[in-house]
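File shown: my_file-v7.cif. Contents: mmCIF, C-alpha atoms.
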```
data_target
loop_
_atom_site.label_atom_id
_atom_site.label_comp_id
_atom_site.auth_asym_id
_atom_site.auth_seq_id
_atom_site.Cartn_x
_atom_site.Cartn_y
_atom_site.Cartn_z
CA MET A 234 0.00 0.00 0.00
CA THR A 235 1.40 3.41 -0.92
CA ASP A 236 2.11 5.97 1.79
CA PRO A 237 -0.16 9.02 1.20
CA PHE A 238 2.18 11.31 3.17
CA LYS A 239 5.10 10.29 0.97
CA GLU A 240 3.03 10.99 -2.17
CA VAL A 241 2.08 14.44 -0.88
CA GLY A 242 5.73 15.09 -0.02
CA ASN A 243 6.80 14.16 -3.54
CA LEU A 244 4.25 16.58 -4.97
CA ILE A 245 5.31 19.39 -2.62
CA GLU A 246 8.88 19.06 -3.89
CA THR A 247 7.65 19.87 -7.39
CA VAL A 248 5.97 23.14 -6.35
CA PRO A 249 8.18 26.17 -7.20
CA THR A 250 8.91 28.69 -4.44
CA SER A 251 8.38 31.64 -6.81
CA ARG A 252 6.93 32.16 -10.25
CA ARG A 253 7.03 34.71 -13.04
CA PHE A 254 4.20 35.43 -15.38
CA GLY A 255 3.51 37.06 -18.70
CA LYS A 256 0.37 38.46 -20.29
CA VAL A 257 -1.70 37.51 -23.30
CA ARG A 258 -1.35 39.93 -26.21
CA GLY A 259 -3.71 38.33 -28.65
CA VAL A 260 -5.54 35.19 -29.78
CA SER A 261 -5.54 33.96 -33.37
CA GLY A 262 -7.21 30.70 -34.30
CA LEU A 263 -5.77 27.99 -32.07
CA LEU A 264 -2.82 30.14 -30.94
CA VAL A 265 -2.40 32.47 -27.98
CA GLU A 266 0.32 35.15 -28.20
CA SER A 267 1.92 36.08 -24.91
CA HIS A 268 4.58 38.58 -23.87
CA GLY A 269 6.89 38.55 -20.85
CA LEU A 270 8.01 34.90 -20.79
CA PRO A 271 11.68 35.10 -21.77
CA ASP A 272 12.76 31.93 -19.90
CA THR A 273 10.46 29.50 -21.70
CA ALA A 274 11.61 27.06 -24.37
CA MET A 275 9.88 25.00 -27.05
CA GLY A 276 7.70 22.42 -25.35
CA SER A 277 7.46 24.28 -22.04
CA ARG A 278 4.14 24.06 -20.22
CA CYS A 279 2.24 27.17 -19.12
CA ARG A 280 -1.06 27.93 -17.46
CA ILE A 281 -3.33 30.72 -18.69
CA ALA A 282 -5.83 32.28 -16.27
CA GLY A 283 -8.92 33.01 -18.36
CA ARG A 284 -11.33 35.87 -17.77
CA ASP A 285 -13.99 33.38 -16.77
CA GLY A 286 -11.83 32.12 -13.90
CA ARG A 287 -10.81 28.88 -15.62
CA LEU A 288 -7.18 27.80 -15.87
CA HIS A 289 -6.08 26.68 -19.34
CA GLU A 290 -2.98 24.49 -19.66
CA ALA A 291 -0.96 25.27 -22.79
CA GLU A 292 2.30 24.37 -24.51
CA VAL A 293 4.88 26.61 -26.14
CA VAL A 294 4.82 25.78 -29.86
CA GLY A 295 6.77 28.70 -31.32
CA TYR A 296 8.07 32.26 -31.10
CA GLN A 297 7.35 35.34 -33.15
CA HIS A 298 9.53 38.38 -32.51
CA ASP A 299 9.12 39.04 -28.75
CA ASN A 300 5.94 37.00 -28.42
CA VAL A 301 5.61 33.43 -27.21
CA LEU A 302 3.14 31.31 -29.20
CA LEU A 303 1.08 29.03 -26.97
CA MET A 304 -1.48 26.39 -27.89
CA PRO A 305 -3.98 25.37 -25.17
CA PHE A 306 -4.88 21.74 -24.54
CA GLY A 307 -8.52 22.85 -24.49
CA THR A 308 -10.45 25.62 -26.19
CA VAL A 309 -9.37 29.28 -26.33
CA GLU A 310 -12.77 30.46 -25.10
CA GLY A 311 -12.42 32.80 -22.13
CA ILE A 312 -8.86 33.84 -23.03
CA GLY A 313 -8.27 37.46 -24.02
CA PRO A 314 -5.64 40.24 -23.98
CA GLY A 315 -4.20 40.88 -20.54
CA CYS A 316 -4.86 37.39 -19.11
CA PRO A 317 -1.87 36.25 -17.01
CA VAL A 318 0.29 33.35 -18.23
CA TYR A 319 2.29 31.31 -15.70
CA PRO A 320 5.11 28.90 -16.66
CA ILE A 321 4.67 25.45 -15.08
CA HIS A 322 7.40 23.11 -16.37
CA ASP A 323 10.39 23.46 -18.65
CA ARG A 324 9.43 20.12 -20.22
CA ALA A 325 6.41 17.86 -20.38
CA VAL A 326 6.56 15.19 -17.65
CA PHE A 327 4.25 12.54 -16.19
CA ARG A 328 4.47 10.47 -13.02
CA ALA A 329 3.79 6.82 -13.92
CA ASN A 330 3.06 3.99 -11.52
CA HIS A 331 1.50 0.51 -11.46
CA SER A 332 -1.95 1.82 -10.45
CA LEU A 333 -2.47 2.79 -14.11
CA ILE A 334 -3.12 -0.85 -15.07
CA GLY A 335 -6.82 -1.46 -15.69
CA ARG A 336 -7.61 2.24 -16.02
CA VAL A 337 -8.80 4.57 -18.79
CA ILE A 338 -7.19 8.02 -18.79
CA ASN A 339 -7.10 11.08 -21.03
CA ALA A 340 -4.04 12.57 -22.72
CA LEU A 341 -3.12 14.50 -19.54
CA GLY A 342 -3.14 11.35 -17.39
CA GLU A 343 -6.48 12.13 -15.71
CA PRO A 344 -8.89 9.20 -15.12
CA ILE A 345 -12.07 9.21 -17.24
CA ASP A 346 -13.46 5.78 -16.30
CA GLY A 347 -15.34 6.79 -13.14
CA LYS A 348 -13.24 4.49 -10.94
CA GLY A 349 -11.85 7.24 -8.75
CA PRO A 350 -8.43 8.93 -8.64
CA ILE A 351 -5.15 7.34 -9.67
CA SER A 352 -2.21 7.20 -7.25
CA LEU A 353 -0.28 10.48 -7.42
CA GLY A 354 3.18 9.07 -6.76
CA GLY A 355 5.51 7.37 -9.17
CA GLU A 356 8.53 7.87 -11.32
CA GLU A 357 8.75 11.12 -13.26
CA ARG A 358 9.01 10.39 -16.97
CA ASP A 359 9.71 12.73 -19.87
CA LEU A 360 6.85 12.66 -22.38
CA LYS A 361 9.26 13.40 -25.22
CA ALA A 362 12.16 11.23 -24.10
CA PRO A 363 14.75 10.18 -26.69
CA PRO A 364 14.86 6.55 -27.89
CA PRO A 365 17.30 4.18 -26.16
CA PRO A 366 20.85 4.39 -27.56
CA ALA A 367 21.09 2.32 -30.73
CA GLY A 368 24.33 0.63 -29.65
CA ALA A 369 22.94 -0.42 -26.27
CA ARG A 370 19.59 -1.87 -27.32
CA ASN A 371 18.90 -5.57 -27.07
CA PRO A 372 18.08 -7.60 -30.21
CA LEU A 373 14.53 -8.79 -30.86
CA GLY A 374 13.37 -11.38 -28.36
CA ALA A 375 11.53 -14.67 -28.69
CA LYS A 376 8.38 -15.16 -30.74
CA MET A 377 5.28 -13.64 -29.17
CA ASP A 378 1.94 -15.41 -29.40
CA VAL A 379 -0.67 -12.77 -30.32
CA GLY A 380 -3.59 -15.20 -30.48
CA VAL A 381 -4.43 -14.44 -34.13
CA ARG A 382 -3.75 -17.41 -36.43
CA ALA A 383 -2.98 -15.44 -39.59
CA ILE A 384 -0.44 -13.23 -37.79
CA ASN A 385 1.13 -16.00 -35.71
CA THR A 386 1.75 -18.16 -38.77
CA PHE A 387 2.32 -15.85 -41.74
CA LEU A 388 3.53 -12.67 -39.97
CA THR A 389 5.20 -13.94 -36.83
CA VAL A 390 5.81 -11.23 -34.22
CA CYS A 391 8.86 -11.18 -31.96
CA GLU A 392 9.20 -9.38 -28.62
CA GLY A 393 10.30 -5.82 -29.34
CA GLN A 394 9.15 -5.80 -32.97
CA ARG A 395 7.16 -2.86 -34.41
CA LEU A 396 4.38 -3.59 -36.88
CA GLY A 397 1.92 -1.36 -38.70
CA ILE A 398 -1.69 -2.21 -39.52
CA PHE A 399 -2.45 -0.42 -42.80
CA SER A 400 -6.11 -0.14 -43.71
CA GLY A 401 -8.99 2.09 -44.68
CA SER A 402 -11.82 2.80 -42.27
CA GLY A 403 -14.33 0.09 -41.43
CA VAL A 404 -12.33 -3.01 -42.33
CA GLY A 405 -11.86 -4.41 -38.82
CA LYS A 406 -8.66 -2.91 -37.42
CA SER A 407 -10.24 -2.10 -34.01
CA THR A 408 -11.53 -5.67 -33.71
CA LEU A 409 -8.09 -7.02 -34.64
CA MET A 410 -6.47 -4.77 -32.00
CA GLY A 411 -8.94 -6.05 -29.41
CA MET A 412 -8.11 -9.67 -30.25
CA VAL A 413 -4.39 -8.99 -29.86
CA ALA A 414 -4.95 -7.15 -26.56
CA ARG A 415 -6.98 -10.07 -25.15
CA TYR A 416 -4.94 -13.00 -26.38
CA ALA A 417 -1.31 -11.82 -26.74
CA THR A 418 1.15 -13.16 -24.19
CA ALA A 419 2.42 -9.67 -23.32
CA GLU A 420 2.29 -8.86 -19.62
CA VAL A 421 0.96 -5.28 -20.00
CA ASN A 422 -1.01 -3.64 -22.82
CA VAL A 423 -0.83 0.10 -23.42
CA ILE A 424 -3.53 1.22 -25.88
CA GLY A 425 -3.59 4.75 -27.25
CA LEU A 426 -6.80 5.82 -29.01
CA VAL A 427 -5.72 8.95 -30.88
CA GLY A 428 -8.49 10.94 -32.55
CA GLU A 429 -11.01 8.13 -32.01
CA ARG A 430 -14.74 8.68 -32.54
CA GLY A 431 -16.32 9.49 -29.18
CA ARG A 432 -19.15 7.00 -29.73
CA GLU A 433 -16.72 4.14 -30.33
CA VAL A 434 -14.48 4.60 -27.28
CA MET A 435 -16.71 2.79 -24.77
CA GLU A 436 -17.71 0.27 -27.45
CA PHE A 437 -14.04 -0.60 -27.93
CA ILE A 438 -13.32 -0.79 -24.20
CA HIS A 439 -16.35 -2.83 -23.12
CA THR A 440 -17.21 -4.87 -26.23
CA ILE A 441 -14.03 -5.33 -28.25
CA LEU A 442 -11.40 -5.18 -25.48
CA GLY A 443 -13.63 -6.58 -22.75
CA GLU A 444 -12.89 -7.17 -19.07
CA GLU A 445 -10.26 -9.80 -19.90
CA GLY A 446 -8.25 -7.34 -22.00
CA LEU A 447 -8.78 -4.32 -19.73
CA ARG A 448 -7.48 -6.19 -16.69
CA LYS A 449 -3.92 -5.95 -18.00
CA SER A 450 -4.25 -2.77 -20.03
CA VAL A 451 -3.86 0.99 -19.77
CA VAL A 452 -6.09 2.87 -22.23
CA ILE A 453 -5.29 6.46 -23.20
CA VAL A 454 -8.06 8.33 -25.02
CA ALA A 455 -8.15 11.55 -27.04
CA THR A 456 -11.28 11.78 -29.16
CA GLY A 457 -11.47 13.45 -32.56
CA ASP A 458 -13.26 16.53 -31.24
CA GLU A 459 -10.39 17.41 -28.88
CA PRO A 460 -7.75 20.02 -29.84
CA PRO A 461 -4.74 18.81 -31.86
CA LEU A 462 -2.41 19.20 -28.88
CA MET A 463 -4.47 16.67 -26.90
CA ARG A 464 -4.50 14.22 -29.80
CA ARG A 465 -0.73 14.46 -30.21
CA GLN A 466 -0.26 14.26 -26.45
CA ALA A 467 -2.20 10.97 -26.31
CA ALA A 468 0.45 9.31 -28.50
CA TYR A 469 3.29 10.68 -26.36
CA MET A 470 1.49 9.63 -23.16
CA SER A 471 0.96 6.11 -24.52
CA MET A 472 4.64 5.76 -25.42
CA THR A 473 5.78 7.18 -22.05
CA ILE A 474 3.63 4.76 -20.04
CA ALA A 475 4.86 1.85 -22.20
CA GLU A 476 8.47 2.91 -21.52
CA TYR A 477 7.79 2.97 -17.78
CA PHE A 478 6.53 -0.62 -17.74
CA ARG A 479 9.32 -1.71 -20.11
CA ASP A 480 11.92 -0.29 -17.73
CA CYS A 481 10.20 -2.18 -14.88
CA GLY A 482 11.10 -5.39 -16.77
CA PHE A 483 7.71 -6.14 -18.39
CA GLN A 484 7.04 -7.37 -21.91
CA VAL A 485 4.75 -4.57 -23.10
CA MET A 486 2.33 -4.56 -26.04
CA LEU A 487 1.85 -0.97 -27.23
CA MET A 488 -0.99 -0.23 -29.66
CA ILE A 489 -1.67 3.24 -31.05
CA ASP A 490 -4.74 3.85 -33.22
CA SER A 491 -3.89 5.74 -35.27
CA ILE A 492 -0.52 7.15 -36.27
CA THR A 493 -2.23 8.95 -39.15
CA ARG A 494 -4.31 11.02 -36.73
CA PHE A 495 -1.15 11.77 -34.73
CA ALA A 496 0.43 13.07 -37.95
CA MET A 497 -2.67 15.12 -38.75
CA ALA A 498 -2.60 16.66 -35.27
CA GLN A 499 1.07 17.57 -35.71
CA ARG A 500 0.23 19.10 -39.09
CA GLU A 501 -2.45 21.32 -37.49
CA ILE A 502 0.01 22.43 -34.81
CA GLY A 503 2.75 23.13 -37.35
CA LEU A 504 0.49 25.10 -39.68
CA SER A 505 -0.82 27.19 -36.78
CA ALA A 506 2.76 27.96 -35.70
CA GLY A 507 3.67 29.12 -39.23
CA GLU A 508 5.34 26.05 -40.73
CA PRO A 509 5.05 25.81 -44.53
CA PRO A 510 3.00 22.91 -45.92
CA THR A 511 5.11 20.57 -48.06
CA THR A 512 4.24 16.98 -49.06
CA ARG A 513 0.46 16.84 -49.66
CA GLY A 514 -0.07 19.58 -47.09
CA PHE A 515 1.95 17.92 -44.32
CA THR A 516 4.53 20.11 -42.59
CA PRO A 517 8.21 19.12 -42.21
CA SER A 518 7.80 18.59 -38.45
CA VAL A 519 5.43 15.67 -39.13
CA PHE A 520 8.20 13.64 -40.77
CA SER A 521 10.67 14.48 -38.01
CA GLU A 522 8.23 13.63 -35.20
CA LEU A 523 7.22 10.25 -36.65
CA PRO A 524 10.64 8.58 -36.22
CA ARG A 525 11.14 10.32 -32.86
CA LEU A 526 7.96 8.68 -31.61
CA LEU A 527 8.18 5.26 -33.28
CA GLU A 528 11.87 4.68 -32.54
CA ARG A 529 11.10 4.80 -28.81
CA ALA A 530 9.30 1.46 -29.14
CA GLY A 531 11.22 -1.78 -29.49
CA PRO A 532 13.75 -3.60 -27.34
CA GLY A 533 15.10 -1.76 -24.32
CA THR A 534 18.51 -1.89 -22.69
CA GLY A 535 17.31 -4.09 -19.80
CA LYS A 536 14.96 -7.05 -19.47
CA GLY A 537 11.79 -5.44 -20.83
CA SER A 538 10.74 -4.54 -24.35
CA ILE A 539 7.93 -2.73 -26.18
CA THR A 540 6.25 -4.65 -28.98
CA GLY A 541 4.47 -1.98 -31.02
CA ILE A 542 1.41 -2.24 -33.25
CA PHE A 543 0.53 1.06 -34.93
CA THR A 544 -2.48 1.54 -37.20
CA VAL A 545 -2.18 3.70 -40.32
CA LEU A 546 -5.23 4.92 -42.24
CA VAL A 547 -4.68 4.73 -45.99
CA GLU A 548 -7.09 6.70 -48.15
CA GLY A 549 -8.48 4.62 -50.99
CA GLY A 550 -5.94 1.87 -50.29
CA ASP A 551 -3.05 4.14 -51.31
CA MET A 552 -0.07 2.53 -49.56
CA ASP A 553 2.25 5.18 -50.99
CA GLU A 554 0.59 8.22 -49.41
CA PRO A 555 3.14 10.26 -47.35
CA VAL A 556 2.37 9.10 -43.81
CA ALA A 557 2.00 5.42 -44.78
CA ASP A 558 5.24 5.56 -46.78
CA ALA A 559 7.14 7.24 -43.93
CA VAL A 560 5.85 4.82 -41.27
CA ARG A 561 6.56 1.75 -43.43
CA GLY A 562 10.19 2.85 -43.70
CA ILE A 563 10.57 3.09 -39.90
CA ILE A 564 8.85 -0.01 -38.54
CA ASP A 565 9.70 -3.72 -38.78
CA GLY A 566 6.84 -4.98 -40.91
CA HIS A 567 3.31 -4.19 -42.02
CA ILE A 568 -0.08 -5.91 -41.93
CA VAL A 569 -2.40 -4.89 -44.77
CA LEU A 570 -6.15 -5.17 -44.24
CA ASP A 571 -8.01 -5.63 -47.52
CA ARG A 572 -11.45 -4.08 -48.00
CA ALA A 573 -12.32 -6.68 -50.66
CA LEU A 574 -11.81 -9.46 -48.09
CA ALA A 575 -13.89 -7.59 -45.50
CA GLU A 576 -16.72 -7.17 -48.00
CA ARG A 577 -16.77 -10.95 -48.48
CA GLY A 578 -17.10 -11.45 -44.71
CA HIS A 579 -13.50 -12.65 -44.37
CA PHE A 580 -12.26 -11.54 -40.91
CA PRO A 581 -9.66 -10.70 -39.93
CA SER A 582 -9.31 -9.23 -43.42
CA ILE A 583 -5.52 -9.66 -43.60
CA ASN A 584 -4.02 -9.83 -47.07
CA VAL A 585 -1.09 -12.12 -46.28
CA LEU A 586 0.51 -11.66 -49.72
CA ARG A 587 0.84 -7.87 -49.26
CA SER A 588 1.87 -8.13 -45.61
CA VAL A 589 5.43 -8.59 -44.32
CA SER A 590 7.10 -9.34 -40.99
CA ARG A 591 10.78 -8.48 -41.07
CA ALA A 592 11.43 -10.88 -38.19
CA MET A 593 10.73 -13.75 -40.58
CA PRO A 594 12.14 -16.15 -41.60
CA MET A 595 14.98 -15.84 -39.05
CA CYS A 596 12.72 -16.51 -36.06
CA ASN A 597 11.30 -19.76 -37.47
CA THR A 598 12.66 -23.27 -37.87
CA ASP A 599 13.28 -24.68 -41.35
CA GLU A 600 10.17 -26.83 -41.06
CA GLU A 601 7.99 -23.85 -40.14
CA ASN A 602 9.40 -21.77 -43.00
CA THR A 603 8.70 -24.62 -45.43
CA LEU A 604 5.06 -24.75 -44.32
CA VAL A 605 4.59 -20.97 -44.60
CA MET A 606 6.24 -20.76 -48.04
CA GLN A 607 4.13 -23.63 -49.34
CA ALA A 608 0.96 -21.92 -48.14
CA ARG A 609 2.03 -18.55 -49.62
CA ARG A 610 2.72 -20.18 -53.00
CA LEU A 611 -0.72 -21.76 -53.07
CA ILE A 612 -2.45 -18.49 -52.11
CA ALA A 613 -0.44 -16.57 -54.72
CA SER A 614 -1.18 -19.13 -57.44
CA TYR A 615 -4.91 -18.98 -56.77
CA THR A 616 -4.90 -15.15 -56.62
CA ASP A 617 -3.10 -14.90 -59.99
CA MET A 618 -5.67 -17.14 -61.71
CA GLU A 619 -8.73 -16.20 -59.65
CA GLU A 620 -10.61 -14.39 -62.42
CA MET A 621 -10.10 -17.22 -64.91
CA ILE A 622 -11.15 -19.79 -62.32
CA ARG A 623 -14.34 -17.86 -61.50
CA LEU A 624 -15.19 -17.46 -65.20
CA GLY A 625 -14.59 -21.16 -65.85
CA ALA A 626 -11.85 -20.38 -68.36
CA TYR A 627 -9.21 -22.45 -66.54
CA LYS A 628 -9.02 -26.16 -67.48
CA GLN A 629 -8.08 -28.63 -64.77
CA GLY A 630 -4.63 -30.15 -65.43
CA THR A 631 -3.20 -27.14 -67.29
CA ASP A 632 -0.93 -26.15 -64.40
CA LYS A 633 0.03 -28.41 -61.49
CA ASP A 634 0.49 -25.52 -59.03
CA VAL A 635 -2.86 -23.95 -59.90
CA ASP A 636 -4.59 -27.35 -59.55
CA MET A 637 -3.09 -27.71 -56.09
CA ALA A 638 -4.07 -24.13 -55.18
CA ILE A 639 -7.69 -24.83 -56.19
CA ALA A 640 -7.74 -28.03 -54.16
CA TYR A 641 -6.52 -26.30 -50.99
CA HIS A 642 -8.18 -22.90 -51.46
CA ALA A 643 -11.19 -23.56 -49.20
CA GLN A 644 -9.01 -25.02 -46.43
CA LEU A 645 -6.62 -22.06 -46.52
CA GLU A 646 -9.52 -19.60 -46.49
CA ASP A 647 -10.90 -21.30 -43.37
CA PHE A 648 -7.45 -21.26 -41.82
CA LEU A 649 -7.09 -17.49 -42.29
CA ARG A 650 -10.57 -16.76 -40.92
CA GLN A 651 -11.04 -16.41 -37.17
CA GLU A 652 -13.90 -15.28 -34.93
CA HIS A 653 -13.15 -12.30 -32.66
CA ASN A 654 -13.84 -14.40 -29.54
CA GLU A 655 -11.60 -17.26 -30.67
CA ALA A 656 -7.94 -17.58 -29.65
CA SER A 657 -5.30 -19.57 -31.54
CA THR A 658 -1.80 -20.35 -30.28
CA LEU A 659 1.43 -20.38 -32.27
CA ALA A 660 1.71 -24.16 -32.03
CA GLU A 661 -1.89 -24.71 -33.18
CA GLY A 662 -1.32 -22.66 -36.33
CA TYR A 663 1.73 -24.62 -37.47
CA ASP A 664 0.18 -27.95 -36.48
CA THR A 665 -2.91 -27.17 -38.57
CA LEU A 666 -0.79 -26.24 -41.60
CA ASN A 667 1.34 -29.35 -41.12
CA ASP A 668 -1.72 -31.60 -41.09
CA MET A 669 -3.02 -29.83 -44.20
CA PHE A 670 0.23 -30.13 -46.16
CA LYS A 671 1.65 -33.37 -44.81
CA ARG A 672 1.24 -35.10 -48.17
CA LEU A 673 2.78 -32.12 -50.00
CA VAL A 674 5.81 -31.52 -47.78
CA LYS A 675 6.75 -35.19 -47.40
CA PRO A 676 7.81 -35.78 -51.02
CA ALA A 677 9.82 -32.55 -51.02
CA ALA A 678 11.59 -33.63 -47.84
CA GLU A 679 12.38 -37.08 -49.23
CA ALA A 680 13.71 -35.53 -52.45
#
```
Structure encoded using structure tokens:
Amino acid sequence: MTDPFKEVGNLIETVPTSRRFGKVRGVSGLLVESHGLPDTAMGSRCRIAGRDGRLHEAEVVGYQHDNVLLMPFGTVEGIGPGCPVYPIHDRAVFRANHSLIGRVINALGEPIDGKGPISLGGEERDLKAPPPPAGARNPLGAKMDVGVRAINTFLTVCEGQRLGIFSGSGVGKSTLMGMVARYATAEVNVIGLVGERGREVMEFIHTILGEEGLRKSVVIVATGDEPPLMRRQAAYMSMTIAEYFRDCGFQVMLMIDSITRFAMAQREIGLSAGEPPTTRGFTPSVFSELPRLLERAGPGTGKGSITGIFTVLVEGGDMDEPVADAVRGIIDGHIVLDRALAERGHFPSINVLRSVSRAMPMCNTDEENTLVMQARRLIASYTDMEEMIRLGAYKQGTDKDVDMAIAYHAQLEDFLRQEHNEASTLAEGYDTLNDMFKRLVKPAAEA
């Protein structure tokens, strides 16, 4: 049990003995211009006392001549010229502790689940901490069972690996994330819902994630109606909490939905601060912040690691749009969800031919790689000839590989399908494939 007097003492130590303040000069759009804060730096936190008596927390996002440009975490309503501005912190920090597990919080670390306050003590963590030194990081760990047959078998995940789920809206990525959160063998889940629809937050927590998943999870929420600073902050908060549990020695599963909305929030902030739009309207800071965030996930320097799954929204299935292209170049593999599969009722709608895990084939045995390659060849052969097969233009016996693909198509389709309330282990996936291909692999092995 934590000592409340010790917690209060820790908080008292953070209270400054004196403070300076500036004054608001003007408000333009999402920005507040203040004068008289010469000691602040980019990323500093300030508090603005509004005319309506409310206190607005804000972050320094730029400078213009002698003015400091601030962006509030809430609305600018109630803020006007002459309102006092007080610096709070030189950098954004958060005190993390184990009482976060099983809770739902907002981007500022405040509970929003109605379960009462969260313990105030804990280790102070920098929200924008640098990634671990490249030369000191551990290699990827052992294979992680995520409970999803298609991923376990065709896109095997290792501890500390970072994967992206690339999809359009409405093709099942939230359901897939919920399955991984419930069934993965990670010890702690950290789930960041960045820019999520307000209606779907509780649906995800109670229906998709469920009590089983929430018991070992921390959920950070910033809905789409919140200011861009809150949406960006949710991603930083998610990463910071994951780093805390990683440094405690846990195997952490970090899921952020979505990185695209994080990039859009950063674009709004950059444009408001005067950055020029470049690639498809995205500002340069977007493409510098993406690697700074994503590189923090992965193996640590101690016992723990962060296995990251990051969703990326692709408009019209365009895998080469700027954010998708940038993220794909940073992470260690990608899972592509196919709308055509979803429309046929095939869930999870993973297109295994377009998806890649860069941990494979090194993490598998030769026998496992043989099974996976055989299955991929059959799926690819059927996909190449699918139109001709459906039209009846293909004659049986024309091509041995296509004949085999047709024979095993229904079994492979069933293998790749999985109900959201069904779990499948790593061993079960390979055993099922082995039973399916025993007659096919045996001659190759004897040869």
Once 6 Å is added on each side, what centre and edge lengths in Å to one decimal does the axis-aligned box around all listed atoms of segment 435-443 of chain A have, as AutoDock Vina command-line options?
```
--center_x -14.6 --center_y -1.9 --center_z -25.5 --size_x 18.3 --size_y 21.4 --size_z 17.5
```
*When distances are computed from all atoms listed in the file, which of A:Ile492, A:Leu666, A:Ala340, A:Ile564 shows the smallest separation from Glu600 of chain A?*
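Of the candidates, the smallest distance to Glu600 of chain A is held by A:Leu666.
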*Nearest to Leu263 of chain A, chosen from A:Ser590, A:Asn300, A:Thr440, A:Thr308, with only C-alpha atoms counted in the distances*: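 The closest residue to Leu263 of chain A is A:Thr308.
When you apply the PyMOL selection byres ((chain A and resi 342) around 9) to this structure, what comes back is Phe327, Arg328, Ala329, Val337, Ile338, Asn339, Ala340, Leu341, Glu343, Pro344, Ile351, Ile453, Ala467 and Met470 of chain A.
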Given the file shown, enumerate the residues that the PyMOL selection byres ((chain A and resi 528-543) around 8) captures and present them as a PDB file with C-alpha atoms, in the frame of the given file.
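Saved file selection07.pdb follows:
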```pdb
ATOM      1  CA  PRO A 363      14.750  10.180 -26.690  1.00  0.00           C
ATOM      2  CA  PRO A 364      14.860   6.550 -27.890  1.00  0.00           C
ATOM      3  CA  PRO A 365      17.300   4.180 -26.160  1.00  0.00           C
ATOM      4  CA  ALA A 369      22.940  -0.420 -26.270  1.00  0.00           C
ATOM      5  CA  ARG A 370      19.590  -1.870 -27.320  1.00  0.00           C
ATOM      6  CA  ASN A 371      18.900  -5.570 -27.070  1.00  0.00           C
ATOM      7  CA  PRO A 372      18.080  -7.600 -30.210  1.00  0.00           C
ATOM      8  CA  LEU A 373      14.530  -8.790 -30.860  1.00  0.00           C
ATOM      9  CA  GLY A 374      13.370 -11.380 -28.360  1.00  0.00           C
ATOM     10  CA  CYS A 391       8.860 -11.180 -31.960  1.00  0.00           C
ATOM     11  CA  GLU A 392       9.200  -9.380 -28.620  1.00  0.00           C
ATOM     12  CA  GLY A 393      10.300  -5.820 -29.340  1.00  0.00           C
ATOM     13  CA  GLN A 394       9.150  -5.800 -32.970  1.00  0.00           C
ATOM     14  CA  ARG A 395       7.160  -2.860 -34.410  1.00  0.00           C
ATOM     15  CA  LEU A 396       4.380  -3.590 -36.880  1.00  0.00           C
ATOM     16  CA  GLY A 397       1.920  -1.360 -38.700  1.00  0.00           C
ATOM     17  CA  ILE A 398      -1.690  -2.210 -39.520  1.00  0.00           C
ATOM     18  CA  MET A 472       4.640   5.760 -25.420  1.00  0.00           C
ATOM     19  CA  ALA A 475       4.860   1.850 -22.200  1.00  0.00           C
ATOM     20  CA  GLU A 476       8.470   2.910 -21.520  1.00  0.00           C
ATOM     21  CA  PHE A 478       6.530  -0.620 -17.740  1.00  0.00           C
ATOM     22  CA  ARG A 479       9.320  -1.710 -20.110  1.00  0.00           C
ATOM     23  CA  ASP A 480      11.920  -0.290 -17.730  1.00  0.00           C
ATOM     24  CA  CYS A 481      10.200  -2.180 -14.880  1.00  0.00           C
ATOM     25  CA  GLY A 482      11.100  -5.390 -16.770  1.00  0.00           C
ATOM     26  CA  PHE A 483       7.710  -6.140 -18.390  1.00  0.00           C
ATOM     27  CA  GLN A 484       7.040  -7.370 -21.910  1.00  0.00           C
ATOM     28  CA  VAL A 485       4.750  -4.570 -23.100  1.00  0.00           C
ATOM     29  CA  MET A 486       2.330  -4.560 -26.040  1.00  0.00           C
ATOM     30  CA  LEU A 487       1.850  -0.970 -27.230  1.00  0.00           C
ATOM     31  CA  MET A 488      -0.990  -0.230 -29.660  1.00  0.00           C
ATOM     32  CA  ILE A 489      -1.670   3.240 -31.050  1.00  0.00           C
ATOM     33  CA  ASP A 490      -4.740   3.850 -33.220  1.00  0.00           C
ATOM     34  CA  SER A 491      -3.890   5.740 -35.270  1.00  0.00           C
ATOM     35  CA  ILE A 492      -0.520   7.150 -36.270  1.00  0.00           C
ATOM     36  CA  PRO A 524      10.640   8.580 -36.220  1.00  0.00           C
ATOM     37  CA  ARG A 525      11.140  10.320 -32.860  1.00  0.00           C
ATOM     38  CA  LEU A 526       7.960   8.680 -31.610  1.00  0.00           C
ATOM     39  CA  LEU A 527       8.180   5.260 -33.280  1.00  0.00           C
ATOM     40  CA  THR A 544      -2.480   1.540 -37.200  1.00  0.00           C
ATOM     41  CA  VAL A 545      -2.180   3.700 -40.320  1.00  0.00           C
ATOM     42  CA  ILE A 563      10.570   3.090 -39.900  1.00  0.00           C
TER      43      ILE A 563
END
```
*What is the distance, in Å and to one decimal place, between atom CA of Pro320 of chain A and atom CA of Ser518 of chain A?*
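The value is 24.3 Å.
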*What is the distance between atom CA of Arg561 of chain A and atom CA of Lys376 of chain A, in Å to one decimal?*
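Distance reported for this atom pair: 21.2 Å.
Among the candidates A:Glu554, A:Glu429, A:Glu292, A:Glu310, the one nearest to Arg278 of chain A when counting all atoms listed in the file is A:Glu292.
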_(-14.6, -4.2, -40.5) in this file's frame - what residues fall within 8 Å of it? Use all atoms listed in the file and give the answer as a list in words._
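Every polymer residue passing the test: Ser402, Gly403, Val404, Gly405, Lys406, Thr408, Ala575, Phe580 and Ser582 of chain A.
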